[in-house]
>>> print(open('target.cif').read())   # mmCIF, C-alpha atoms
data_entry
#
loop_
_atom_site.label_atom_id
_atom_site.label_comp_id
_atom_site.auth_asym_id
_atom_site.auth_seq_id
_atom_site.Cartn_x
_atom_site.Cartn_y
_atom_site.Cartn_z
CA MET A 1 85.97 238.71 69.37
CA VAL A 2 89.22 240.17 68.04
CA LYS A 3 89.20 243.95 68.10
CA ASP A 4 89.45 245.57 64.72
CA ASN A 5 92.42 247.92 64.84
CA PRO A 6 94.28 247.91 61.56
CA ASN A 7 97.45 249.97 61.27
CA ILE A 8 96.90 251.89 58.03
CA ALA A 9 98.94 254.99 57.21
CA SER A 10 96.50 257.78 56.33
CA HIS A 11 98.23 258.80 53.10
CA LEU A 12 97.96 255.22 51.82
CA ARG A 13 94.22 254.93 52.52
CA PRO A 14 92.96 256.55 49.30
CA ILE A 15 95.01 254.14 47.20
CA LEU A 16 93.69 251.12 49.11
CA GLU A 17 90.18 252.53 48.81
CA SER A 18 90.49 252.33 45.04
CA VAL A 19 90.88 248.54 45.16
CA PRO A 20 87.48 246.83 44.91
CA ASP A 21 86.56 243.30 45.85
CA PRO A 22 86.56 241.51 42.46
CA GLU A 23 83.41 239.54 43.27
CA ILE A 24 81.41 242.34 44.93
CA PRO A 25 82.80 245.43 43.19
CA VAL A 26 80.74 247.93 45.19
CA LEU A 27 82.89 247.00 48.20
CA THR A 28 86.49 248.04 48.70
CA ILE A 29 89.03 245.86 50.48
CA LEU A 30 88.92 248.42 53.31
CA ASP A 31 85.12 247.93 53.61
CA LEU A 32 85.80 244.20 54.07
CA GLY A 33 88.42 244.80 56.75
CA MET A 34 90.97 242.75 54.81
CA ILE A 35 93.87 245.19 55.29
CA ARG A 36 95.51 244.67 58.67
CA GLU A 37 98.46 246.96 58.07
CA ALA A 38 99.74 249.35 55.40
CA VAL A 39 102.93 251.31 56.05
CA GLU A 40 105.55 253.06 53.96
CA VAL A 41 109.18 252.34 54.80
CA ASP A 42 112.08 253.85 52.80
CA GLY A 43 109.80 254.65 49.88
CA GLU A 44 108.28 251.15 49.65
CA VAL A 45 104.87 250.04 50.85
CA TYR A 46 104.29 246.99 53.04
CA VAL A 47 100.74 245.66 53.20
CA LYS A 48 99.43 242.88 55.43
CA LEU A 49 96.36 241.28 53.88
CA SER A 50 94.00 238.94 55.70
CA PRO A 51 92.40 236.40 53.32
CA THR A 52 88.70 235.81 53.97
CA TYR A 53 87.99 232.15 53.11
CA SER A 54 90.91 229.71 52.69
CA GLY A 55 90.01 228.81 49.13
CA CYS A 56 88.80 232.23 48.00
CA PRO A 57 90.04 232.68 44.43
CA ALA A 58 89.79 236.45 44.74
CA THR A 59 92.62 236.65 47.27
CA ASP A 60 95.44 236.43 44.71
CA VAL A 61 93.61 238.86 42.42
CA ILE A 62 93.25 241.36 45.27
CA SER A 63 96.94 241.04 46.08
CA ASP A 64 97.85 241.79 42.45
CA ASP A 65 95.35 244.67 42.30
CA ILE A 66 96.93 246.25 45.40
CA LYS A 67 100.38 246.13 43.81
CA THR A 68 98.99 247.62 40.59
CA ALA A 69 97.21 250.42 42.45
CA PHE A 70 100.42 251.39 44.23
CA LYS A 71 102.45 251.08 41.02
CA GLU A 72 100.10 253.62 39.42
CA ASN A 73 101.08 255.91 42.27
CA ASN A 74 104.78 255.23 41.68
CA LEU A 75 105.14 253.08 44.78
CA LEU A 76 106.46 249.52 45.01
CA ALA A 77 104.17 247.47 47.24
CA HIS A 78 104.87 244.17 49.01
CA VAL A 79 101.82 242.16 50.05
CA GLU A 80 102.01 239.61 52.85
CA PHE A 81 99.15 237.26 53.68
CA VAL A 82 98.45 237.14 57.38
CA ILE A 83 96.12 234.47 58.74
CA SER A 84 96.61 235.12 62.43
CA PRO A 85 94.29 236.40 63.75
CA PRO A 86 91.92 234.92 61.13
CA TRP A 87 89.63 237.26 59.21
CA SER A 88 86.24 237.84 60.78
CA THR A 89 82.99 239.28 59.40
CA ASN A 90 83.14 241.55 62.46
CA TRP A 91 85.78 243.50 60.54
CA ILE A 92 83.33 244.50 57.78
CA THR A 93 82.56 248.21 58.23
CA GLU A 94 79.01 249.50 58.74
CA ASP A 95 79.35 251.34 55.45
CA GLY A 96 80.39 248.07 53.83
CA LYS A 97 77.30 246.33 55.18
CA ARG A 98 75.07 249.08 53.81
CA LYS A 99 76.65 248.83 50.37
CA MET A 100 76.21 245.05 50.46
CA ARG A 101 72.52 245.36 51.21
CA GLU A 102 72.02 247.91 48.43
CA TYR A 103 73.87 245.58 46.02
CA GLY A 104 71.47 242.73 46.86
CA ILE A 105 73.47 240.74 49.40
CA ALA A 106 72.05 240.51 52.90
CA PRO A 107 74.90 241.46 55.28
CA PRO A 108 75.96 239.10 58.10
CA LEU A 109 73.86 239.19 61.25
CA SER A 110 75.28 238.88 64.76
CA GLU A 111 76.84 235.50 65.57
CA SER A 112 73.84 234.25 67.56
CA ALA A 113 71.31 235.50 64.99
CA ASP A 114 73.35 233.92 62.20
CA LYS A 115 73.25 230.55 63.96
CA LYS A 116 69.48 230.85 64.45
CA ALA A 117 68.97 231.69 60.79
CA LEU A 118 71.29 229.05 59.30
CA LEU A 119 70.80 226.22 61.79
CA ASP A 120 67.38 226.63 63.39
CA GLY A 121 65.66 228.02 60.33
CA GLU A 122 64.45 231.11 62.15
CA LYS A 123 62.95 233.70 59.82
CA ILE A 124 65.12 236.71 60.56
CA VAL A 125 67.19 237.36 57.44
CA PRO A 126 65.59 240.33 55.63
CA CYS A 127 65.00 240.11 51.89
CA THR A 128 67.25 242.61 50.12
CA LEU A 129 64.46 243.54 47.71
CA CYS A 130 61.27 243.83 49.76
CA ARG A 131 62.78 243.80 53.30
CA SER A 132 60.41 241.05 54.49
CA THR A 133 61.78 238.58 57.05
CA ASN A 134 59.48 235.88 55.68
CA THR A 135 62.52 234.24 54.08
CA HIS A 136 64.07 230.77 54.14
CA MET A 137 67.50 229.32 53.44
CA VAL A 138 67.77 227.31 50.24
CA SER A 139 71.39 226.26 50.71
CA GLN A 140 74.23 226.95 53.15
CA PHE A 141 76.48 227.53 50.15
CA GLY A 142 75.65 230.15 47.55
CA SER A 143 77.41 231.51 44.51
CA THR A 144 80.64 231.75 46.52
CA PRO A 145 81.79 229.98 49.72
CA CYS A 146 81.20 233.17 51.74
CA LYS A 147 77.50 233.34 50.92
CA ALA A 148 74.38 231.28 51.58
CA LEU A 149 71.41 231.19 49.22
CA PHE A 150 68.07 232.45 50.51
CA LYS A 151 64.63 232.87 49.01
CA CYS A 152 61.93 235.34 49.99
CA ASP A 153 58.50 233.77 50.47
CA ASP A 154 56.79 237.13 50.02
CA CYS A 155 58.25 238.52 46.80
CA LEU A 156 59.51 235.04 45.75
CA GLU A 157 62.94 236.34 44.66
CA PRO A 158 66.23 234.64 45.62
CA PHE A 159 69.07 236.56 47.25
CA ASP A 160 72.50 235.89 48.78
CA TYR A 161 73.30 236.17 52.49
CA PHE A 162 76.88 236.89 53.56
CA LYS A 163 77.61 234.27 56.22
CA CYS A 164 79.04 235.11 59.61
CA LEU A 165 82.65 234.06 60.05
CA ILE A 166 83.69 234.90 63.56
CA MET B 1 113.32 219.59 66.30
CA ASN B 2 113.26 217.16 63.43
CA LYS B 3 112.32 219.12 60.29
CA GLN B 4 111.65 215.93 58.34
CA ALA B 5 109.21 214.71 60.99
CA LEU B 6 107.38 218.05 60.93
CA TYR B 7 107.23 217.94 57.14
CA ASP B 8 105.88 214.36 57.24
CA TYR B 9 103.37 215.34 59.90
CA ILE B 10 102.04 218.26 57.84
CA LEU B 11 101.60 216.04 54.80
CA GLY B 12 99.71 213.52 56.92
CA VAL B 13 97.26 216.23 57.92
CA THR B 14 96.95 217.89 54.54
CA ASP B 15 96.83 214.97 52.09
CA ASN B 16 93.37 214.10 53.43
CA SER B 17 92.04 217.48 52.36
CA LEU B 18 93.81 217.34 48.99
CA ILE B 19 92.45 213.95 48.00
CA LEU B 20 88.97 214.64 49.37
CA GLY B 21 89.00 218.02 47.59
CA GLN B 22 89.91 216.21 44.37
CA ARG B 23 87.04 213.71 44.81
CA LEU B 24 84.57 216.56 45.45
CA GLY B 25 85.91 218.49 42.47
CA GLU B 26 84.99 215.53 40.24
CA LEU B 27 81.36 216.37 40.94
CA CYS B 28 81.59 219.88 39.52
CA GLY B 29 78.69 220.13 37.10
CA HIS B 30 77.46 216.65 38.09
CA GLY B 31 75.75 217.28 41.41
CA PRO B 32 72.20 215.98 41.89
CA SER B 33 70.85 219.54 42.07
CA LEU B 34 72.24 223.03 41.49
CA GLU B 35 72.35 223.78 45.22
CA THR B 36 74.15 220.56 46.14
CA ASP B 37 76.55 220.92 43.20
CA ILE B 38 77.52 224.40 44.39
CA ALA B 39 77.73 223.34 48.04
CA ILE B 40 80.01 220.40 47.21
CA THR B 41 82.33 222.46 45.05
CA ASN B 42 82.42 225.20 47.69
CA ILE B 43 83.53 222.63 50.26
CA ALA B 44 86.16 221.39 47.78
CA LEU B 45 87.38 224.96 47.40
CA ASP B 46 87.66 225.41 51.16
CA LEU B 47 89.62 222.14 51.49
CA LEU B 48 92.01 222.97 48.66
CA GLY B 49 92.51 226.47 50.07
CA GLN B 50 93.45 224.93 53.40
CA CYS B 51 95.90 222.66 51.57
CA ARG B 52 97.64 225.66 50.06
CA SER B 53 98.43 227.10 53.50
CA TYR B 54 99.82 223.80 54.78
CA TYR B 55 101.78 222.89 51.64
CA GLN B 56 103.30 226.38 51.45
CA TYR B 57 104.59 225.88 54.99
CA ALA B 58 105.86 222.38 54.15
CA ALA B 59 107.60 223.68 51.01
CA LYS B 60 109.39 226.29 53.09
CA LEU B 61 110.58 223.58 55.46
CA LYS B 62 111.81 221.37 52.61
CA GLY B 63 113.53 224.22 50.81
CA GLY B 64 115.28 223.78 47.50
CA ASP B 65 112.92 224.03 44.58
CA THR B 66 110.02 222.43 46.42
CA THR B 67 106.77 224.35 45.98
CA GLU B 68 103.18 223.87 47.16
CA ASP B 69 102.43 222.62 43.66
CA SER B 70 105.24 220.07 43.49
CA ILE B 71 104.15 218.67 46.86
CA ALA B 72 100.49 218.53 45.82
CA MET B 73 100.88 217.24 42.30
CA LEU B 74 104.17 215.53 41.64
CA ARG B 75 104.62 212.87 44.30
CA LYS B 76 104.52 209.17 43.54
CA GLU B 77 101.53 207.20 44.81
CA ARG B 78 103.35 205.71 47.79
CA ASP B 79 104.39 209.16 48.97
CA TYR B 80 100.81 210.34 49.52
CA VAL B 81 99.79 209.66 53.10
CA ASN B 82 96.07 210.35 53.10
CA VAL B 83 93.70 207.94 54.84
CA LEU B 84 91.89 205.43 52.63
CA LEU B 85 88.47 206.92 53.43
CA VAL B 86 88.99 210.04 51.33
CA GLU B 87 90.07 208.24 48.17
CA GLN B 88 86.88 206.15 48.00
CA PRO B 89 84.95 206.95 44.81
CA ASN B 90 81.76 208.96 44.27
CA GLU B 91 79.49 205.90 43.80
CA HIS B 92 76.28 207.85 44.36
CA PHE B 93 75.24 210.90 46.36
CA GLY B 94 74.84 208.77 49.49
CA TYR B 95 78.52 207.84 49.29
CA VAL B 96 79.50 211.47 48.79
CA ILE B 97 77.56 212.53 51.89
CA ALA B 98 78.58 209.54 54.02
CA ARG B 99 82.26 210.01 53.17
CA GLN B 100 82.01 213.74 53.85
CA PHE B 101 80.22 213.28 57.17
CA LEU B 102 82.59 210.58 58.41
CA PHE B 103 85.52 212.84 57.55
CA ASP B 104 84.06 216.16 58.75
CA VAL B 105 83.38 214.96 62.31
CA PHE B 106 87.02 213.85 62.56
CA HIS B 107 88.40 216.91 60.78
CA LEU B 108 86.72 219.33 63.18
CA LEU B 109 88.00 217.45 66.23
CA GLN B 110 91.49 217.31 64.73
CA MET B 111 91.53 221.04 64.00
CA GLN B 112 90.32 221.86 67.51
CA GLU B 113 93.34 219.95 68.85
CA LEU B 114 95.78 221.39 66.31
CA GLN B 115 94.67 224.88 67.32
CA LYS B 116 96.63 224.29 70.54
CA SER B 117 99.89 223.55 68.74
CA ILE B 118 102.98 225.42 69.89
CA ASP B 119 103.82 225.85 66.21
CA GLU B 120 102.23 229.23 65.44
CA THR B 121 101.75 228.57 61.74
CA LEU B 122 99.91 225.30 62.28
CA ALA B 123 97.85 226.78 65.10
CA SER B 124 96.77 229.73 62.91
CA ILE B 125 95.87 227.53 59.95
CA ALA B 126 93.83 225.28 62.25
CA THR B 127 92.05 228.28 63.81
CA LYS B 128 91.07 229.51 60.38
CA ASN B 129 90.06 226.03 59.19
CA ILE B 130 87.70 225.50 62.12
CA LYS B 131 85.36 228.25 60.97
CA GLU B 132 84.99 226.64 57.54
CA THR B 133 84.94 223.04 58.79
CA LEU B 134 82.02 223.93 61.05
CA TYR B 135 79.96 224.75 57.95
CA HIS B 136 81.07 221.52 56.24
CA THR B 137 80.06 219.45 59.26
CA ARG B 138 76.65 221.09 59.43
CA PHE B 139 76.09 220.51 55.73
CA SER B 140 77.03 216.83 55.81
CA SER B 141 75.20 216.14 59.11
CA ASP B 142 72.05 217.81 57.77
CA TRP B 143 72.17 215.64 54.66
CA ILE B 144 72.74 212.44 56.69
CA LYS B 145 69.54 213.26 58.57
CA ARG B 146 67.65 214.27 55.43
CA LEU B 147 68.60 211.07 53.62
CA GLY B 148 68.35 208.73 56.60
CA ASP B 149 65.04 210.09 57.79
CA GLY B 150 63.86 210.64 54.22
CA THR B 151 62.20 208.27 51.81
CA GLU B 152 62.51 204.50 51.89
CA GLU B 153 64.91 204.65 48.95
CA SER B 154 67.14 207.35 50.44
CA HIS B 155 67.22 205.51 53.76
CA VAL B 156 68.39 202.26 52.15
CA LYS B 157 71.01 204.00 50.01
CA ILE B 158 72.56 206.11 52.76
CA GLN B 159 72.67 203.10 55.09
CA GLU B 160 74.47 201.13 52.39
CA ALA B 161 77.01 203.93 51.99
CA ILE B 162 77.59 204.25 55.74
CA ASN B 163 78.03 200.46 56.02
CA ASP B 164 80.52 200.35 53.15
CA LEU B 165 82.61 203.28 54.37
CA TRP B 166 82.55 202.37 58.06
CA PRO B 167 85.61 200.04 57.84
CA TYR B 168 87.68 203.07 56.75
CA THR B 169 87.02 205.13 59.86
CA LYS B 170 89.44 203.66 62.40
CA GLU B 171 92.46 204.63 60.32
CA LEU B 172 91.70 208.27 61.11
CA PHE B 173 92.98 207.69 64.64
CA GLN B 174 96.26 206.02 63.72
CA VAL B 175 99.42 207.75 64.82
CA THR B 176 102.57 207.31 62.73
CA LYS B 177 106.15 207.67 63.98
CA ALA B 178 106.40 211.22 62.66
CA ASP B 179 103.01 212.04 64.22
CA GLN B 180 104.18 210.76 67.60
CA GLU B 181 107.37 212.80 67.42
CA MET B 182 105.35 215.94 66.73
CA ILE B 183 102.85 215.11 69.47
CA ASN B 184 105.73 214.74 71.93
CA ALA B 185 107.04 218.14 70.80
CA GLY B 186 103.67 219.81 71.49
CA ILE B 187 103.30 220.53 67.80
CA GLY B 188 101.05 217.73 66.54
CA ALA B 189 97.47 216.88 67.43
CA ASP B 190 97.08 213.48 69.09
CA VAL B 191 94.30 211.99 66.98
CA SER B 192 94.34 208.68 68.88
CA LYS B 193 92.65 210.55 71.73
CA LEU B 194 89.77 211.66 69.50
CA GLU B 195 88.38 208.20 68.79
CA HIS B 196 85.83 208.09 71.60
CA ALA B 197 84.38 211.55 70.97
CA TYR B 198 84.26 210.82 67.23
CA TYR B 199 82.26 207.59 67.43
CA LYS B 200 79.95 209.16 70.01
CA GLN B 201 79.17 212.16 67.79
CA VAL B 202 78.77 210.02 64.70
CA ALA B 203 76.38 207.67 66.52
CA GLU B 204 74.28 210.60 67.73
CA VAL B 205 73.74 211.89 64.20
CA LEU B 206 73.11 208.42 62.74
CA GLU B 207 70.54 207.67 65.42
CA GLU B 208 68.76 210.96 64.80
CA ALA B 209 68.75 210.01 61.10
CA THR B 210 67.09 206.67 62.04
CA LEU B 211 70.17 204.84 60.72
CA GLN B 212 71.99 201.84 62.19
CA VAL B 213 75.49 202.30 63.56
CA PRO B 214 77.49 199.53 61.81
CA GLU B 215 78.86 196.84 64.07
CA GLY B 216 81.69 195.44 61.93
CA LYS B 217 84.97 194.77 63.68
CA TYR B 218 87.29 194.79 60.66
CA PHE B 219 88.93 198.08 59.71
CA HIS B 220 91.15 198.92 56.75
CA LYS B 221 94.41 200.79 56.99
CA GLY B 222 97.53 201.49 54.96
CA GLY B 223 96.94 204.96 53.55
CA LYS B 224 99.07 206.62 56.17
CA LYS B 225 101.95 204.41 55.08
CA GLY B 226 101.38 205.15 51.41
CA ILE B 227 99.69 201.83 50.64
CA HIS B 228 96.53 202.84 48.88
CA THR B 229 93.40 201.21 47.47
CA GLU B 230 92.93 200.50 43.77
CA HIS B 231 91.25 203.88 43.42
CA MET B 232 94.32 205.96 44.11
CA GLY B 233 96.07 205.32 40.80
CA PRO B 234 93.32 206.65 38.52
CA LEU B 235 92.67 209.51 40.95
CA LEU B 236 96.31 210.62 40.78
CA ALA B 237 96.38 210.20 37.02
CA GLU B 238 93.71 212.90 36.83
CA LEU B 239 95.13 215.08 39.61
CA GLN B 240 98.62 215.05 38.15
CA TYR B 241 97.75 215.07 34.45
CA MET B 242 98.34 218.76 33.73
CA GLN B 243 101.53 219.13 35.75
CA ARG B 244 103.02 215.99 34.24
CA THR B 245 101.98 216.79 30.67
CA TYR B 246 103.17 220.38 30.82
CA PRO B 247 105.92 220.43 33.46
CA ASN B 248 106.26 223.73 35.34
CA MET B 249 103.11 225.07 33.71
CA ASN B 250 101.73 228.33 35.07
CA TRP B 251 98.35 229.96 34.65
#
>>> encode(input="target.cif", output="structure tokens")
Amino acid sequence: MVKDNPNIASHLRPILESVPDPEIPVLTILDLGMIREAVEVDGEVYVKLSPTYSGCPATDVISDDIKTAFKENNLLAHVEFVISPPWSTNWITEDGKRKMREYGIAPPLSESADKKALLDGEKIVPCTLCRSTNTHMVSQFGSTPCKALFKCDDCLEPFDYFKCLI
Amino acid sequence: MNKQALYDYILGVTDNSLILGQRLGELCGHGPSLETDIAITNIALDLLGQCRSYYQYAAKLKGGDTTEDSIAMLRKERDYVNVLLVEQPNEHFGYVIARQFLFDVFHLLQMQELQKSIDETLASIATKNIKETLYHTRFSSDWIKRLGDGTEESHVKIQEAINDLWPYTKELFQVTKADQEMINAGIGADVSKLEHAYYKQVAEVLEEATLQVPEGKYFHKGGKKGIHTEHMGPLLAELQYMQRTYPNMNW
């Protein structure tokens, strides 16, 4: 597991915190652990952004949103995509996971639990509405590539599960 | 190091994902069920996203006014070097799953080798791809088992698809001149060494699905040299339509 140790200058944090994930707007890009580095050099900002899934259409939007956010603070930002080391769900903050759950998306479990839930059909993913673990996977792919579709057999409602990517 | 050989090698790896992504994209809105429709288009999205990383790298190598888009969408038919398997059409859902499964098992093995490349860019792309390809392989393997060990009708149809696509599998392990040059340089993955593991893994899943492993001895090839089946022309006509009708178009 790659240790999460992004190099983010403290005065730049608030600006990055204002950039939400376009798909899950309750989460910021910092909650998702997508920013690997943000430094200011000679009055310009250099950001290293780690894309989540290869084909994620939100990546370009996030990059533009970062530049806009800095522009509103009179700073010119350069965004570089960095895929090494590849993004991992381990980089999602605890706060991020809580917000996810409250929004209706079950946050990723540990790697071994995730495998048990998605491959062996073990009933361990808690329903985001009624918290029951009497749930089953409907499809490995949900509304976006990062999520799987689950259904609760107690309250009968569907919900998304954010898949582990480690 | 021969830049042209590296460029050719990258295209050999990536064109498979581009053409397969295109085939899967054709099913958008036409999947047999909502869940399978979404799953298939998600896989297409992953594959096309992977293509972007590779083609961006290739464009940098080529220089000039080459872009990821010009590489993906403006080549002539004989300049695409994907294997014939991925251009086969979406006859019915069994074909979609069989084609996906037969490709996924190879793709995962290939990425696991490419991860060891001394070229950092290729190694990173492969490392990232593996995580996604694992999900693809599980999806397609699950469906092989569901269809094979399903109803009488699904069993017959998936067996037919496996039989028809089987002759396209051996081409996956062909090594071209550019491939060999890159393998010698420690950059390329030697796919010829993956053949045994591939057929073993495929057989295991087919047997669990109560399906027969085809025994045919004739295998098609030509894709890697740009000689495609009759399906490639119409496929490219659709893929390239927008870029050719509105040159240099941007969103």
>>> residues_around(input="target.cif", residues="stretch 204-214 of chain B", least_positions_apart="6", cutoff="9 Å", atoms="all atoms listed in the file", output="list of chain:residue names")
B:Ser141, B:Asp142, B:Ile144, B:Lys145, B:Arg146, B:Leu147, B:Gly148, B:Asp149, B:Gly150, B:His155, B:Ile158, B:Gln159, B:Ile162, B:Asn163, B:Trp166
>>> resolve_selection(input="target.cif", expression="the PyMOL selection byres ((chain A) within 10 of (chain B))", output="mmCIF file with C-alpha atoms, keeping the file's coordinate frame")
data_model
loop_
_atom_site.group_PDB
_atom_site.id
_atom_site.type_symbol
_atom_site.label_atom_id
_atom_site.label_comp_id
_atom_site.auth_asym_id
_atom_site.auth_seq_id
_atom_site.Cartn_x
_atom_site.Cartn_y
_atom_site.Cartn_z
ATOM 1 C CA PRO A 51 92.400 236.400 53.320
ATOM 2 C CA THR A 52 88.700 235.810 53.970
ATOM 3 C CA TYR A 53 87.990 232.150 53.110
ATOM 4 C CA SER A 54 90.910 229.710 52.690
ATOM 5 C CA GLY A 55 90.010 228.810 49.130
ATOM 6 C CA CYS A 56 88.800 232.230 48.000
ATOM 7 C CA PRO A 57 90.040 232.680 44.430
ATOM 8 C CA VAL A 82 98.450 237.140 57.380
ATOM 9 C CA ILE A 83 96.120 234.470 58.740
ATOM 10 C CA SER A 84 96.610 235.120 62.430
ATOM 11 C CA PRO A 85 94.290 236.400 63.750
ATOM 12 C CA PRO A 86 91.920 234.920 61.130
ATOM 13 C CA TRP A 87 89.630 237.260 59.210
ATOM 14 C CA SER A 88 86.240 237.840 60.780
ATOM 15 C CA LEU A 118 71.290 229.050 59.300
ATOM 16 C CA LEU A 119 70.800 226.220 61.790
ATOM 17 C CA VAL A 138 67.770 227.310 50.240
ATOM 18 C CA SER A 139 71.390 226.260 50.710
ATOM 19 C CA GLN A 140 74.230 226.950 53.150
ATOM 20 C CA PHE A 141 76.480 227.530 50.150
ATOM 21 C CA GLY A 142 75.650 230.150 47.550
ATOM 22 C CA SER A 143 77.410 231.510 44.510
ATOM 23 C CA THR A 144 80.640 231.750 46.520
ATOM 24 C CA PRO A 145 81.790 229.980 49.720
ATOM 25 C CA CYS A 146 81.200 233.170 51.740
ATOM 26 C CA ALA A 148 74.380 231.280 51.580
ATOM 27 C CA LEU A 149 71.410 231.190 49.220
ATOM 28 C CA LYS A 163 77.610 234.270 56.220
ATOM 29 C CA CYS A 164 79.040 235.110 59.610
ATOM 30 C CA LEU A 165 82.650 234.060 60.050
ATOM 31 C CA ILE A 166 83.690 234.900 63.560
#
>>> atom_distance(input="target.cif", atom1="atom CA of A:Pro25", atom2="atom CA of A:Ile62")
11.4 Å
>>> residues_around(input="target.cif", residues="A:Lys71", least_positions_apart="5", cutoff="12 Å", atoms="only C-alpha atoms", output="tab-separated table (two decimals) with C-alpha atoms, in the coordinates of the input")
chain	number	residue	atom	x	y	z
A	15	ILE	CA	95.01	254.14	47.20
A	16	LEU	CA	93.69	251.12	49.11
A	44	GLU	CA	108.28	251.15	49.65
A	45	VAL	CA	104.87	250.04	50.85
A	64	ASP	CA	97.85	241.79	42.45
A	65	ASP	CA	95.35	244.67	42.30
A	66	ILE	CA	96.93	246.25	45.40
A	76	LEU	CA	106.46	249.52	45.01
A	77	ALA	CA	104.17	247.47	47.24
A	78	HIS	CA	104.87	244.17	49.01
>>> resolve_selection(input="target.cif", expression="the PyMOL selection byres ((chain A and resi 22) around 10)", output="number ranges by chain")
A: 19-21, 23-29, 57-59, 61-62, 65
>>> atom_distance(input="target.cif", atom1="atom CA of B:Phe173", atom2="atom CA of B:Leu24")
22.8 Å
>>> resolve_selection(input="target.cif", expression="the PyMOL selection byres ((chain B and resi 60-64) around 12)", output="PyMOL selection string")
chain B and resi 1-11+53-59+65-68+70-71+121
>>> atom_distance(input="target.cif", atom1="atom CA of B:Gly31", atom2="atom CA of B:Ser154")
15.9 Å
>>> closest_residue(input="target.cif", among="A:Asp95, A:Thr89, A:Thr135, A:Phe70", to="A:Ser110", atoms="only C-alpha atoms")
A:Thr89
>>> residues_near_point(input="target.cif", point="(66.6, 240.8, 51.9)", cutoff="6 Å", atoms="only C-alpha atoms", output="MDAnalysis selection string")
chainID A and resid 106 126:129 131
>>> residues_near_point(input="target.cif", point="(103.5, 210.1, 41.3)", cutoff="9 Å", atoms="only C-alpha atoms", output="list in words")
Met73, Leu74, Arg75, Lys76, Glu77, Arg78, Asp79, Tyr80, Gly233, Leu236, Ala237 and Gln240 of chain B
>>> closest_atom_pairs(input="target.cif", of="stretch 72-135 of chain B", to="stretch 16-20 of chain B", cutoff="7 Å", atoms="all atoms listed in the file", output="tab-separated table")
residue	atom	partner	partner_atom	distance
B:Asn82	CA	B:Asn16	CA	4.6
B:Val83	CA	B:Asn16	CA	6.3
B:Val86	CA	B:Leu20	CA	5.0
B:Glu87	CA	B:Ile19	CA	6.2
>>> decode(input="target.cif", residues="stretch 176-198 of chain B", atoms="C-alpha atoms", output="PDB file, in the first residue's frame")
ATOM      1  CA  THR B 176       6.052  -8.229 -34.668  1.00  0.00           C
ATOM      2  CA  LYS B 177       9.490  -6.844 -35.541  1.00  0.00           C
ATOM      3  CA  ALA B 178       8.863  -3.665 -33.563  1.00  0.00           C
ATOM      4  CA  ASP B 179       7.574  -5.746 -30.632  1.00  0.00           C
ATOM      5  CA  GLN B 180      10.737  -7.855 -30.644  1.00  0.00           C
ATOM      6  CA  GLU B 181      12.952  -4.779 -30.711  1.00  0.00           C
ATOM      7  CA  MET B 182      11.137  -3.389 -27.669  1.00  0.00           C
ATOM      8  CA  ILE B 183      11.253  -6.750 -25.881  1.00  0.00           C
ATOM      9  CA  ASN B 184      15.019  -6.867 -26.434  1.00  0.00           C
ATOM     10  CA  ALA B 185      15.273  -3.353 -24.993  1.00  0.00           C
ATOM     11  CA  GLY B 186      13.420  -4.383 -21.814  1.00  0.00           C
ATOM     12  CA  ILE B 187      10.587  -2.048 -22.735  1.00  0.00           C
ATOM     13  CA  GLY B 188       8.013  -4.336 -24.350  1.00  0.00           C
ATOM     14  CA  ALA B 189       6.055  -7.232 -22.879  1.00  0.00           C
ATOM     15  CA  ASP B 190       6.820 -10.569 -24.539  1.00  0.00           C
ATOM     16  CA  VAL B 191       3.311 -11.800 -25.280  1.00  0.00           C
ATOM     17  CA  SER B 192       4.557 -14.992 -26.960  1.00  0.00           C
ATOM     18  CA  LYS B 193       5.422 -16.234 -23.465  1.00  0.00           C
ATOM     19  CA  LEU B 194       1.842 -15.753 -22.242  1.00  0.00           C
ATOM     20  CA  GLU B 195       0.232 -18.335 -24.514  1.00  0.00           C
ATOM     21  CA  HIS B 196       0.387 -21.277 -22.131  1.00  0.00           C
ATOM     22  CA  ALA B 197      -0.961 -19.419 -19.096  1.00  0.00           C
ATOM     23  CA  TYR B 198      -3.704 -17.883 -21.265  1.00  0.00           C
TER      24      TYR B 198
END
